[in-house]
Amino acid sequence: MANIFAINRCSSSVYQRFIVQFNSTQRFNSLSSHVSKSRFIKLNNLRRNCSLSSDAAAPFIVADDEKYGKKQVISITPRLYDYILANVREPPILRQLREETANMRGSQMQVSPDQAQLLAMLVQILGAARCIELGVYTGYSSLAIALALPESGCLVACERDAKSLEVAKRYYDLAGVSHKVSVKHGLAADVLKSMISNGETCSYDFAFVDAEKRMNQEYFELLLQLVRVGGVIVIDNVLWHGKVADPLVNDAKTVSIRNFNRSLMADDRVSISLVPIGDGMTICRKR
């Protein structure tokens, strides 16, 4: 696995820290510990590998490890992301909800239209009839899932914030999918444990997790009991604004996400694919 990337736009948080903290060669000589000097060398390598593309309209990154064959991978710019969003088939009711949510506190928690479209497609590909969502907020992703479900389908939607949940329920009504959505106001882990106690193990096809990040491992273990073999669990925010790849960031939430990602890599109960869409989503298929 490549540890360093040549980046066409020198805007990563790691590189920005390099500029601020290690602005000159003399800075290296002032570092007292071996660990600090090793970190300086790694960041200096990142600076040397950081280059601007001559074509601003076609940015890319290249893995530094030659075993990847210098494969060029597209890097998302605002212009390119606008193009991606322009090619999302967003139903009018979802657009209406997105625009209303944009003016609300915490609007950054709402999944992006391209993420919602992928979730809906996964539900359709699976032929899912029974789904779970942890972390509804105002309902954008859950509404996208409910719209993709058959008329007899069911989505258990868990949210702890009553105010945002009222917005979600209003839009379920407007979209005509309220009969498909079973709203659970409370802590997600408690709801899942109750479902297991009620004998609902292995009866769900699909689950989407976008709740408290430090609880991801517990949510995952509970959902593995509820989702059938061949079913899918999707976890959001696994890249956490790029912080998971920054060794200088070690706050509790980032560390928990980093540890969860590492745990998934070693978990042979599921097949996985980390997709760099939105803030990163890992798609897990239960074996």
# chains A, B, ... in the order shown; residues from 1 in each chain; ligands from 1
$ residues_around --residues "Pro150 (chain A)" --least-positions-apart "5" --cutoff "9 Å" --atoms "only C-alpha atoms" --output "ChimeraX atom specification"
/A:127-129,180
$ atom_distance --atom1 "CA of Cys158 (chain A)" --atom2 "CA of Ser142 (chain A)"
9.8 Å
$ closest_atom_pairs --of "region 93-202 of chain A" --to "region 226-245 of chain A" --cutoff "12 Å" --atoms "only C-alpha atoms" --output "JSON lines"
{"residue": "A:Gln108", "atom": "CA", "partner": "A:Asn237", "partner_atom": "CA", "distance": 11.6}
{"residue": "A:Met109", "atom": "CA", "partner": "A:Asn237", "partner_atom": "CA", "distance": 9.8}
{"residue": "A:Gln110", "atom": "CA", "partner": "A:Asp236", "partner_atom": "CA", "distance": 10.9}
{"residue": "A:Val111", "atom": "CA", "partner": "A:Asp236", "partner_atom": "CA", "distance": 8.7}
{"residue": "A:Ser112", "atom": "CA", "partner": "A:Asp236", "partner_atom": "CA", "distance": 11.1}
{"residue": "A:Gln115", "atom": "CA", "partner": "A:Asp236", "partner_atom": "CA", "distance": 9.4}
{"residue": "A:Ala116", "atom": "CA", "partner": "A:Asp236", "partner_atom": "CA", "distance": 11.2}
{"residue": "A:Leu118", "atom": "CA", "partner": "A:Val234", "partner_atom": "CA", "distance": 10.6}
{"residue": "A:Leu119", "atom": "CA", "partner": "A:Val234", "partner_atom": "CA", "distance": 8.4}
{"residue": "A:Ala120", "atom": "CA", "partner": "A:Val234", "partner_atom": "CA", "distance": 11.7}
{"residue": "A:Leu122", "atom": "CA", "partner": "A:Val232", "partner_atom": "CA", "distance": 8.4}
{"residue": "A:Val123", "atom": "CA", "partner": "A:Val232", "partner_atom": "CA", "distance": 8.8}
{"residue": "A:Gln124", "atom": "CA", "partner": "A:Val232", "partner_atom": "CA", "distance": 11.9}
{"residue": "A:Ile125", "atom": "CA", "partner": "A:Val232", "partner_atom": "CA", "distance": 10.8}
{"residue": "A:Leu126", "atom": "CA", "partner": "A:Gly231", "partner_atom": "CA", "distance": 7.7}
{"residue": "A:Gly127", "atom": "CA", "partner": "A:Gly231", "partner_atom": "CA", "distance": 10.1}
{"residue": "A:Ala128", "atom": "CA", "partner": "A:Gly231", "partner_atom": "CA", "distance": 8.5}
{"residue": "A:Ala129", "atom": "CA", "partner": "A:Gly231", "partner_atom": "CA", "distance": 11.0}
{"residue": "A:Arg130", "atom": "CA", "partner": "A:Val227", "partner_atom": "CA", "distance": 9.2}
{"residue": "A:Cys131", "atom": "CA", "partner": "A:Val227", "partner_atom": "CA", "distance": 8.7}
{"residue": "A:Ile132", "atom": "CA", "partner": "A:Val227", "partner_atom": "CA", "distance": 9.1}
{"residue": "A:Glu133", "atom": "CA", "partner": "A:Val234", "partner_atom": "CA", "distance": 9.5}
{"residue": "A:Leu134", "atom": "CA", "partner": "A:Ile235", "partner_atom": "CA", "distance": 9.7}
{"residue": "A:Gly135", "atom": "CA", "partner": "A:Asp236", "partner_atom": "CA", "distance": 10.3}
{"residue": "A:Ser141", "atom": "CA", "partner": "A:Asp236", "partner_atom": "CA", "distance": 11.2}
{"residue": "A:Val156", "atom": "CA", "partner": "A:Leu226", "partner_atom": "CA", "distance": 11.8}
{"residue": "A:Val191", "atom": "CA", "partner": "A:Leu226", "partner_atom": "CA", "distance": 11.6}
{"residue": "A:Leu192", "atom": "CA", "partner": "A:Leu226", "partner_atom": "CA", "distance": 8.1}
{"residue": "A:Lys193", "atom": "CA", "partner": "A:Leu226", "partner_atom": "CA", "distance": 9.6}
{"residue": "A:Ser194", "atom": "CA", "partner": "A:Leu226", "partner_atom": "CA", "distance": 11.0}
{"residue": "A:Met195", "atom": "CA", "partner": "A:Leu226", "partner_atom": "CA", "distance": 8.0}
{"residue": "A:Ile196", "atom": "CA", "partner": "A:Leu226", "partner_atom": "CA", "distance": 6.8}
{"residue": "A:Ser197", "atom": "CA", "partner": "A:Leu226", "partner_atom": "CA", "distance": 10.6}
{"residue": "A:Asn198", "atom": "CA", "partner": "A:Leu226", "partner_atom": "CA", "distance": 10.8}
{"residue": "A:Gly199", "atom": "CA", "partner": "A:Leu226", "partner_atom": "CA", "distance": 9.1}
{"residue": "A:Glu200", "atom": "CA", "partner": "A:Leu226", "partner_atom": "CA", "distance": 6.3}
{"residue": "A:Thr201", "atom": "CA", "partner": "A:Leu226", "partner_atom": "CA", "distance": 4.1}
{"residue": "A:Cys202", "atom": "CA", "partner": "A:Arg228", "partner_atom": "CA", "distance": 4.1}
$ write_last_selection --atoms "N, CA, C and O atoms" --output "compact mmCIF listing (two decimals), in the first residue's frame"
# COMPACT_ATOMS: atom_id res chain seq x y z
N GLN A 108 -24.44 20.05 7.05
CA GLN A 108 -23.33 19.27 6.49
C GLN A 108 -23.48 17.78 6.77
O GLN A 108 -22.81 16.96 6.15
N MET A 109 -24.38 17.41 7.68
CA MET A 109 -24.59 16.00 7.99
C MET A 109 -25.40 15.29 6.91
O MET A 109 -25.41 14.05 6.85
N GLN A 110 -26.09 16.04 6.08
CA GLN A 110 -26.91 15.45 5.03
C GLN A 110 -26.03 14.79 3.98
O GLN A 110 -25.02 15.36 3.56
N VAL A 111 -26.37 13.59 3.56
CA VAL A 111 -25.58 12.94 2.51
C VAL A 111 -25.74 13.71 1.21
O VAL A 111 -26.72 14.43 1.01
N SER A 112 -24.79 13.56 0.33
CA SER A 112 -24.83 14.26 -0.96
C SER A 112 -25.74 13.52 -1.93
O SER A 112 -26.00 12.32 -1.78
N GLN A 115 -24.30 10.32 -3.30
CA GLN A 115 -24.34 9.23 -2.31
C GLN A 115 -25.72 8.61 -2.23
O GLN A 115 -25.87 7.38 -2.21
N ALA A 116 -26.74 9.46 -2.16
CA ALA A 116 -28.12 8.97 -2.05
C ALA A 116 -28.49 8.13 -3.27
O ALA A 116 -29.18 7.10 -3.14
N LEU A 118 -26.45 6.35 -5.08
CA LEU A 118 -25.78 5.05 -4.96
C LEU A 118 -26.51 4.16 -3.96
O LEU A 118 -26.70 2.96 -4.21
N LEU A 119 -26.94 4.71 -2.83
CA LEU A 119 -27.68 3.93 -1.85
C LEU A 119 -28.95 3.35 -2.45
O LEU A 119 -29.27 2.17 -2.25
N ALA A 120 -29.69 4.19 -3.18
CA ALA A 120 -30.93 3.73 -3.80
C ALA A 120 -30.65 2.63 -4.82
O ALA A 120 -31.40 1.64 -4.90
N LEU A 122 -28.12 0.50 -4.78
CA LEU A 122 -27.77 -0.72 -4.06
C LEU A 122 -29.02 -1.45 -3.57
O LEU A 122 -29.10 -2.69 -3.65
N VAL A 123 -29.97 -0.70 -3.08
CA VAL A 123 -31.24 -1.28 -2.64
C VAL A 123 -31.94 -1.97 -3.80
O VAL A 123 -32.46 -3.10 -3.67
N GLN A 124 -31.94 -1.32 -4.96
CA GLN A 124 -32.59 -1.89 -6.13
C GLN A 124 -31.85 -3.12 -6.64
O GLN A 124 -32.47 -4.13 -7.01
N ILE A 125 -30.52 -3.07 -6.69
CA ILE A 125 -29.73 -4.21 -7.15
C ILE A 125 -29.95 -5.43 -6.26
O ILE A 125 -30.08 -6.56 -6.73
N LEU A 126 -30.01 -5.18 -4.95
CA LEU A 126 -30.24 -6.26 -3.98
C LEU A 126 -31.65 -6.83 -4.07
O LEU A 126 -31.90 -7.94 -3.63
N GLY A 127 -32.57 -6.03 -4.60
CA GLY A 127 -33.98 -6.40 -4.52
C GLY A 127 -34.44 -6.34 -3.08
O GLY A 127 -35.29 -7.14 -2.65
N ALA A 128 -33.88 -5.40 -2.32
CA ALA A 128 -34.14 -5.31 -0.89
C ALA A 128 -35.60 -4.96 -0.60
O ALA A 128 -36.22 -4.16 -1.30
N ALA A 129 -36.12 -5.56 0.46
CA ALA A 129 -37.48 -5.26 0.91
C ALA A 129 -37.47 -4.74 2.35
O ALA A 129 -38.39 -4.04 2.76
N ARG A 130 -36.44 -5.11 3.10
CA ARG A 130 -36.36 -4.71 4.51
C ARG A 130 -35.01 -4.04 4.77
O ARG A 130 -33.95 -4.66 4.59
N CYS A 131 -35.07 -2.80 5.20
CA CYS A 131 -33.86 -2.00 5.37
C CYS A 131 -33.82 -1.31 6.73
O CYS A 131 -34.85 -1.16 7.38
N ILE A 132 -32.61 -0.89 7.12
CA ILE A 132 -32.39 -0.16 8.37
C ILE A 132 -31.53 1.05 8.07
O ILE A 132 -30.58 0.95 7.29
N GLU A 133 -31.86 2.18 8.70
CA GLU A 133 -30.96 3.33 8.64
C GLU A 133 -30.72 3.85 10.05
O GLU A 133 -31.66 4.08 10.81
N LEU A 134 -29.45 4.06 10.37
CA LEU A 134 -29.06 4.63 11.66
C LEU A 134 -28.55 6.05 11.42
O LEU A 134 -27.53 6.24 10.76
N GLY A 135 -29.27 7.03 11.96
CA GLY A 135 -28.90 8.42 11.73
C GLY A 135 -29.67 9.00 10.56
O GLY A 135 -29.18 9.02 9.43
N SER A 141 -31.34 10.66 2.96
CA SER A 141 -30.93 9.31 2.55
C SER A 141 -32.04 8.30 2.78
O SER A 141 -32.26 7.41 1.94
N VAL A 156 -36.64 0.70 8.65
CA VAL A 156 -36.58 1.11 10.05
C VAL A 156 -35.61 2.28 10.13
O VAL A 156 -34.41 2.12 9.86
N VAL A 191 -32.24 0.63 19.83
CA VAL A 191 -33.25 0.16 18.87
C VAL A 191 -32.82 -1.18 18.28
O VAL A 191 -33.63 -2.12 18.17
N LEU A 192 -31.55 -1.29 17.89
CA LEU A 192 -31.06 -2.53 17.30
C LEU A 192 -31.13 -3.70 18.28
O LEU A 192 -31.53 -4.81 17.92
N LYS A 193 -30.77 -3.45 19.52
CA LYS A 193 -30.84 -4.51 20.54
C LYS A 193 -32.27 -4.98 20.74
O LYS A 193 -32.53 -6.17 20.93
N SER A 194 -33.21 -4.03 20.69
CA SER A 194 -34.62 -4.37 20.84
C SER A 194 -35.10 -5.23 19.67
O SER A 194 -35.85 -6.19 19.85
N MET A 195 -34.64 -4.89 18.47
CA MET A 195 -35.01 -5.66 17.28
C MET A 195 -34.48 -7.09 17.37
O MET A 195 -35.17 -8.05 17.00
N ILE A 196 -33.27 -7.24 17.87
CA ILE A 196 -32.69 -8.57 18.03
C ILE A 196 -33.47 -9.37 19.07
O ILE A 196 -33.79 -10.55 18.86
N SER A 197 -33.83 -8.70 20.16
CA SER A 197 -34.62 -9.36 21.21
C SER A 197 -35.99 -9.80 20.71
O SER A 197 -36.55 -10.80 21.18
N ASN A 198 -36.50 -9.07 19.73
CA ASN A 198 -37.82 -9.39 19.16
C ASN A 198 -37.76 -10.48 18.09
O ASN A 198 -38.75 -10.76 17.43
N GLY A 199 -36.58 -11.06 17.90
CA GLY A 199 -36.47 -12.19 16.97
C GLY A 199 -36.32 -11.80 15.52
O GLY A 199 -36.67 -12.58 14.62
N GLU A 200 -35.75 -10.60 15.25
CA GLU A 200 -35.64 -10.12 13.86
C GLU A 200 -34.27 -10.39 13.25
O GLU A 200 -33.93 -9.81 12.22
N THR A 201 -33.49 -11.28 13.85
CA THR A 201 -32.16 -11.57 13.31
C THR A 201 -32.24 -12.15 11.90
O THR A 201 -33.17 -12.89 11.56
N CYS A 202 -31.25 -11.77 11.08
CA CYS A 202 -31.11 -12.28 9.70
C CYS A 202 -32.34 -12.03 8.83
O CYS A 202 -32.60 -12.79 7.89
$ select_by_dssp --residues "region 47-286 of chain A" --states "helix (DSSP H, G or I)" --output "count of residues only"
112
$ residues_around --residues "Pro91 (chain A)" --least-positions-apart "5" --cutoff "10 Å" --atoms "only C-alpha atoms" --output "PDB file with all heavy atoms, in the first residue's frame"
ATOM      1  N   GLN A  96     -36.147  19.215  -3.068  1.00  0.00           N
ATOM      2  CA  GLN A  96     -36.855  20.117  -2.161  1.00  0.00           C
ATOM      3  C   GLN A  96     -36.374  19.947  -0.722  1.00  0.00           C
ATOM      4  O   GLN A  96     -36.131  20.929  -0.012  1.00  0.00           O
ATOM      5  CB  GLN A  96     -38.362  19.853  -2.257  1.00  0.00           C
ATOM      6  CG  GLN A  96     -39.217  20.780  -1.400  1.00  0.00           C
ATOM      7  CD  GLN A  96     -40.706  20.459  -1.530  1.00  0.00           C
ATOM      8  OE1 GLN A  96     -41.154  19.871  -2.522  1.00  0.00           O
ATOM      9  NE2 GLN A  96     -41.476  20.841  -0.522  1.00  0.00           N
ATOM     10  N   PRO A 113     -26.226  14.206  -2.967  1.00  0.00           N
ATOM     11  CA  PRO A 113     -27.118  13.555  -3.932  1.00  0.00           C
ATOM     12  C   PRO A 113     -26.497  12.341  -4.614  1.00  0.00           C
ATOM     13  O   PRO A 113     -27.198  11.348  -4.875  1.00  0.00           O
ATOM     14  CB  PRO A 113     -27.400  14.671  -4.948  1.00  0.00           C
ATOM     15  CG  PRO A 113     -27.267  15.935  -4.152  1.00  0.00           C
ATOM     16  CD  PRO A 113     -26.125  15.666  -3.204  1.00  0.00           C
ATOM     17  N   GLN A 117     -28.041   8.561  -4.435  1.00  0.00           N
ATOM     18  CA  GLN A 117     -28.333   7.809  -5.657  1.00  0.00           C
ATOM     19  C   GLN A 117     -27.685   6.428  -5.611  1.00  0.00           C
ATOM     20  O   GLN A 117     -28.290   5.425  -6.032  1.00  0.00           O
ATOM     21  CB  GLN A 117     -27.816   8.589  -6.870  1.00  0.00           C
ATOM     22  CG  GLN A 117     -28.104   7.919  -8.201  1.00  0.00           C
ATOM     23  CD  GLN A 117     -27.733   8.806  -9.370  1.00  0.00           C
ATOM     24  OE1 GLN A 117     -28.591   9.388 -10.042  1.00  0.00           O
ATOM     25  NE2 GLN A 117     -26.452   8.936  -9.629  1.00  0.00           N
ATOM     26  N   ALA A 144     -34.536   8.598   0.018  1.00  0.00           N
ATOM     27  CA  ALA A 144     -34.028   7.994  -1.216  1.00  0.00           C
ATOM     28  C   ALA A 144     -34.175   6.479  -1.169  1.00  0.00           C
ATOM     29  O   ALA A 144     -34.553   5.846  -2.165  1.00  0.00           O
ATOM     30  CB  ALA A 144     -32.566   8.382  -1.425  1.00  0.00           C
ATOM     31  N   LEU A 147     -37.973   5.494  -1.401  1.00  0.00           N
ATOM     32  CA  LEU A 147     -38.466   5.628  -2.775  1.00  0.00           C
ATOM     33  C   LEU A 147     -38.047   4.446  -3.643  1.00  0.00           C
ATOM     34  O   LEU A 147     -38.749   4.087  -4.597  1.00  0.00           O
ATOM     35  CB  LEU A 147     -37.952   6.930  -3.391  1.00  0.00           C
ATOM     36  CG  LEU A 147     -38.572   8.227  -2.856  1.00  0.00           C
ATOM     37  CD1 LEU A 147     -37.788   9.445  -3.345  1.00  0.00           C
ATOM     38  CD2 LEU A 147     -40.046   8.340  -3.274  1.00  0.00           C
TER      39      LEU A 147
END
$ closest_residue --among "A:Ser203, A:Phe260, A:Arg285, A:Val255" --to "Glu218 (chain A)" --atoms "only C-alpha atoms"
A:Phe260
$ select_by_dssp --residues "region 35-234 of chain A" --states "strand (DSSP E or B)" --output "ChimeraX atom specification"
/A:60-63,72-74,130-134,154-159,181-185,204-209,227-234
$ atom_distance --atom1 "CA of Met281 (chain A)" --atom2 "CA of Leu174 (chain A)"
28.3 Å
$ closest_residue --among "A:Ala188, A:Met121, A:Val177, A:Ile257" --to "Arg214 (chain A)" --atoms "only C-alpha atoms"
A:Ile257
$ residues_around --residues "Ile272 (chain A)" --least-positions-apart "3" --cutoff "7 Å" --atoms "only C-alpha atoms" --output "PyMOL selection string"
chain A and resi 282-285
$ write_last_selection --atoms "C-alpha atoms" --output "compact mmCIF listing (two decimals), in the first residue's frame"
# COMPACT_ATOMS: atom_id res chain seq x y z
CA THR A 282 -17.54 1.37 2.95
CA ILE A 283 -19.88 -1.18 1.40
CA CYS A 284 -19.91 -4.50 3.27
CA ARG A 285 -21.55 -7.69 2.03
$ atom_distance --atom1 "CA of Asp205 (chain A)" --atom2 "CA of Ser256 (chain A)"
26.4 Å
$ residues_around --residues "Lys71 (chain A)" --least-positions-apart "3" --cutoff "9 Å" --atoms "only C-alpha atoms" --output "JSON, numbers by chain"
{"A": [61, 62, 63, 66, 68]}
$ write_last_selection --atoms "C-alpha atoms" --output "compact mmCIF listing (two decimals), in the first residue's frame"
# COMPACT_ATOMS: atom_id res chain seq x y z
CA ILE A 61 -3.16 11.77 -8.09
CA VAL A 62 -0.56 9.08 -8.59
CA ALA A 63 0.46 6.46 -6.03
CA GLU A 66 5.60 1.93 -8.45
CA TYR A 68 0.65 0.46 -8.79
$ decode --residues "region 199-211 of chain A" --atoms "all heavy atoms" --output "JSON list (two decimals), in the first residue's frame"
[["chain", "number", "residue", "atom", "x", "y", "z"],
["A", 199, "GLY", "N", -36.58, -11.06, 17.90],
["A", 199, "GLY", "CA", -36.47, -12.19, 16.97],
["A", 199, "GLY", "C", -36.32, -11.80, 15.52],
["A", 199, "GLY", "O", -36.67, -12.58, 14.62],
["A", 200, "GLU", "N", -35.75, -10.60, 15.25],
["A", 200, "GLU", "CA", -35.64, -10.12, 13.86],
["A", 200, "GLU", "C", -34.27, -10.39, 13.25],
["A", 200, "GLU", "O", -33.93, -9.81, 12.22],
["A", 200, "GLU", "CB", -35.95, -8.63, 13.82],
["A", 200, "GLU", "CG", -37.36, -8.28, 14.27],
["A", 200, "GLU", "CD", -37.64, -6.79, 14.23],
["A", 200, "GLU", "OE1", -37.34, -6.15, 13.21],
["A", 200, "GLU", "OE2", -38.15, -6.25, 15.24],
["A", 201, "THR", "N", -33.49, -11.28, 13.85],
["A", 201, "THR", "CA", -32.16, -11.57, 13.31],
["A", 201, "THR", "C", -32.24, -12.15, 11.90],
["A", 201, "THR", "O", -33.17, -12.89, 11.56],
["A", 201, "THR", "CB", -31.40, -12.56, 14.22],
["A", 201, "THR", "OG1", -32.19, -13.74, 14.39],
["A", 201, "THR", "CG2", -31.12, -11.94, 15.57],
["A", 202, "CYS", "N", -31.25, -11.77, 11.08],
["A", 202, "CYS", "CA", -31.11, -12.28, 9.70],
["A", 202, "CYS", "C", -32.34, -12.03, 8.83],
["A", 202, "CYS", "O", -32.60, -12.79, 7.89],
["A", 202, "CYS", "CB", -30.78, -13.78, 9.71],
["A", 202, "CYS", "SG", -29.22, -14.17, 10.54],
["A", 203, "SER", "N", -33.09, -10.98, 9.13],
["A", 203, "SER", "CA", -34.31, -10.72, 8.36],
["A", 203, "SER", "C", -34.26, -9.43, 7.54],
["A", 203, "SER", "O", -35.24, -9.08, 6.89],
["A", 203, "SER", "CB", -35.53, -10.67, 9.30],
["A", 203, "SER", "OG", -35.44, -9.56, 10.18],
["A", 204, "TYR", "N", -33.11, -8.75, 7.56],
["A", 204, "TYR", "CA", -32.99, -7.49, 6.81],
["A", 204, "TYR", "C", -31.99, -7.64, 5.67],
["A", 204, "TYR", "O", -31.04, -8.41, 5.74],
["A", 204, "TYR", "CB", -32.56, -6.36, 7.76],
["A", 204, "TYR", "CG", -33.68, -5.94, 8.67],
["A", 204, "TYR", "CD1", -33.90, -6.60, 9.89],
["A", 204, "TYR", "CD2", -34.57, -4.92, 8.31],
["A", 204, "TYR", "CE1", -34.95, -6.25, 10.72],
["A", 204, "TYR", "CE2", -35.62, -4.57, 9.15],
["A", 204, "TYR", "CZ", -35.81, -5.23, 10.33],
["A", 204, "TYR", "OH", -36.86, -4.89, 11.15],
["A", 205, "ASP", "N", -32.25, -6.89, 4.61],
["A", 205, "ASP", "CA", -31.44, -6.98, 3.39],
["A", 205, "ASP", "C", -30.34, -5.93, 3.30],
["A", 205, "ASP", "O", -29.30, -6.16, 2.68],
["A", 205, "ASP", "CB", -32.35, -6.82, 2.15],
["A", 205, "ASP", "CG", -33.53, -7.74, 2.16],
["A", 205, "ASP", "OD1", -33.31, -8.97, 2.14],
["A", 205, "ASP", "OD2", -34.69, -7.26, 2.21],
["A", 206, "PHE", "N", -30.59, -4.79, 3.93],
["A", 206, "PHE", "CA", -29.72, -3.63, 3.71],
["A", 206, "PHE", "C", -29.73, -2.73, 4.93],
["A", 206, "PHE", "O", -30.77, -2.56, 5.58],
["A", 206, "PHE", "CB", -30.21, -2.85, 2.49],
["A", 206, "PHE", "CG", -29.42, -1.61, 2.17],
["A", 206, "PHE", "CD1", -28.28, -1.67, 1.38],
["A", 206, "PHE", "CD2", -29.84, -0.37, 2.64],
["A", 206, "PHE", "CE1", -27.56, -0.52, 1.09],
["A", 206, "PHE", "CE2", -29.13, 0.79, 2.35],
["A", 206, "PHE", "CZ", -27.97, 0.71, 1.58],
["A", 207, "ALA", "N", -28.58, -2.15, 5.24],
["A", 207, "ALA", "CA", -28.49, -1.19, 6.35],
["A", 207, "ALA", "C", -27.52, -0.08, 5.98],
["A", 207, "ALA", "O", -26.48, -0.33, 5.35],
["A", 207, "ALA", "CB", -28.05, -1.88, 7.63],
["A", 208, "PHE", "N", -27.86, 1.14, 6.40],
["A", 208, "PHE", "CA", -27.00, 2.30, 6.18],
["A", 208, "PHE", "C", -26.70, 2.94, 7.52],
["A", 208, "PHE", "O", -27.63, 3.25, 8.28],
["A", 208, "PHE", "CB", -27.67, 3.30, 5.24],
["A", 208, "PHE", "CG", -26.87, 4.56, 5.01],
["A", 208, "PHE", "CD1", -25.53, 4.50, 4.62],
["A", 208, "PHE", "CD2", -27.45, 5.81, 5.19],
["A", 208, "PHE", "CE1", -24.80, 5.66, 4.41],
["A", 208, "PHE", "CE2", -26.72, 6.98, 4.99],
["A", 208, "PHE", "CZ", -25.39, 6.90, 4.59],
["A", 209, "VAL", "N", -25.42, 3.16, 7.81],
["A", 209, "VAL", "CA", -24.99, 3.71, 9.09],
["A", 209, "VAL", "C", -24.42, 5.11, 8.90],
["A", 209, "VAL", "O", -23.40, 5.29, 8.22],
["A", 209, "VAL", "CB", -23.93, 2.81, 9.76],
["A", 209, "VAL", "CG1", -23.50, 3.40, 11.10],
["A", 209, "VAL", "CG2", -24.46, 1.39, 9.92],
["A", 210, "ASP", "N", -25.08, 6.09, 9.51],
["A", 210, "ASP", "CA", -24.60, 7.47, 9.45],
["A", 210, "ASP", "C", -24.93, 8.14, 10.79],
["A", 210, "ASP", "O", -25.53, 9.21, 10.84],
["A", 210, "ASP", "CB", -25.25, 8.22, 8.29],
["A", 210, "ASP", "CG", -24.63, 9.59, 8.06],
["A", 210, "ASP", "OD1", -23.54, 9.85, 8.60],
["A", 210, "ASP", "OD2", -25.25, 10.40, 7.34],
["A", 211, "ALA", "N", -24.53, 7.47, 11.87],
["A", 211, "ALA", "CA", -24.85, 7.95, 13.22],
["A", 211, "ALA", "C", -23.56, 8.29, 13.96],
["A", 211, "ALA", "O", -22.56, 8.65, 13.33],
["A", 211, "ALA", "CB", -25.67, 6.90, 13.95]]
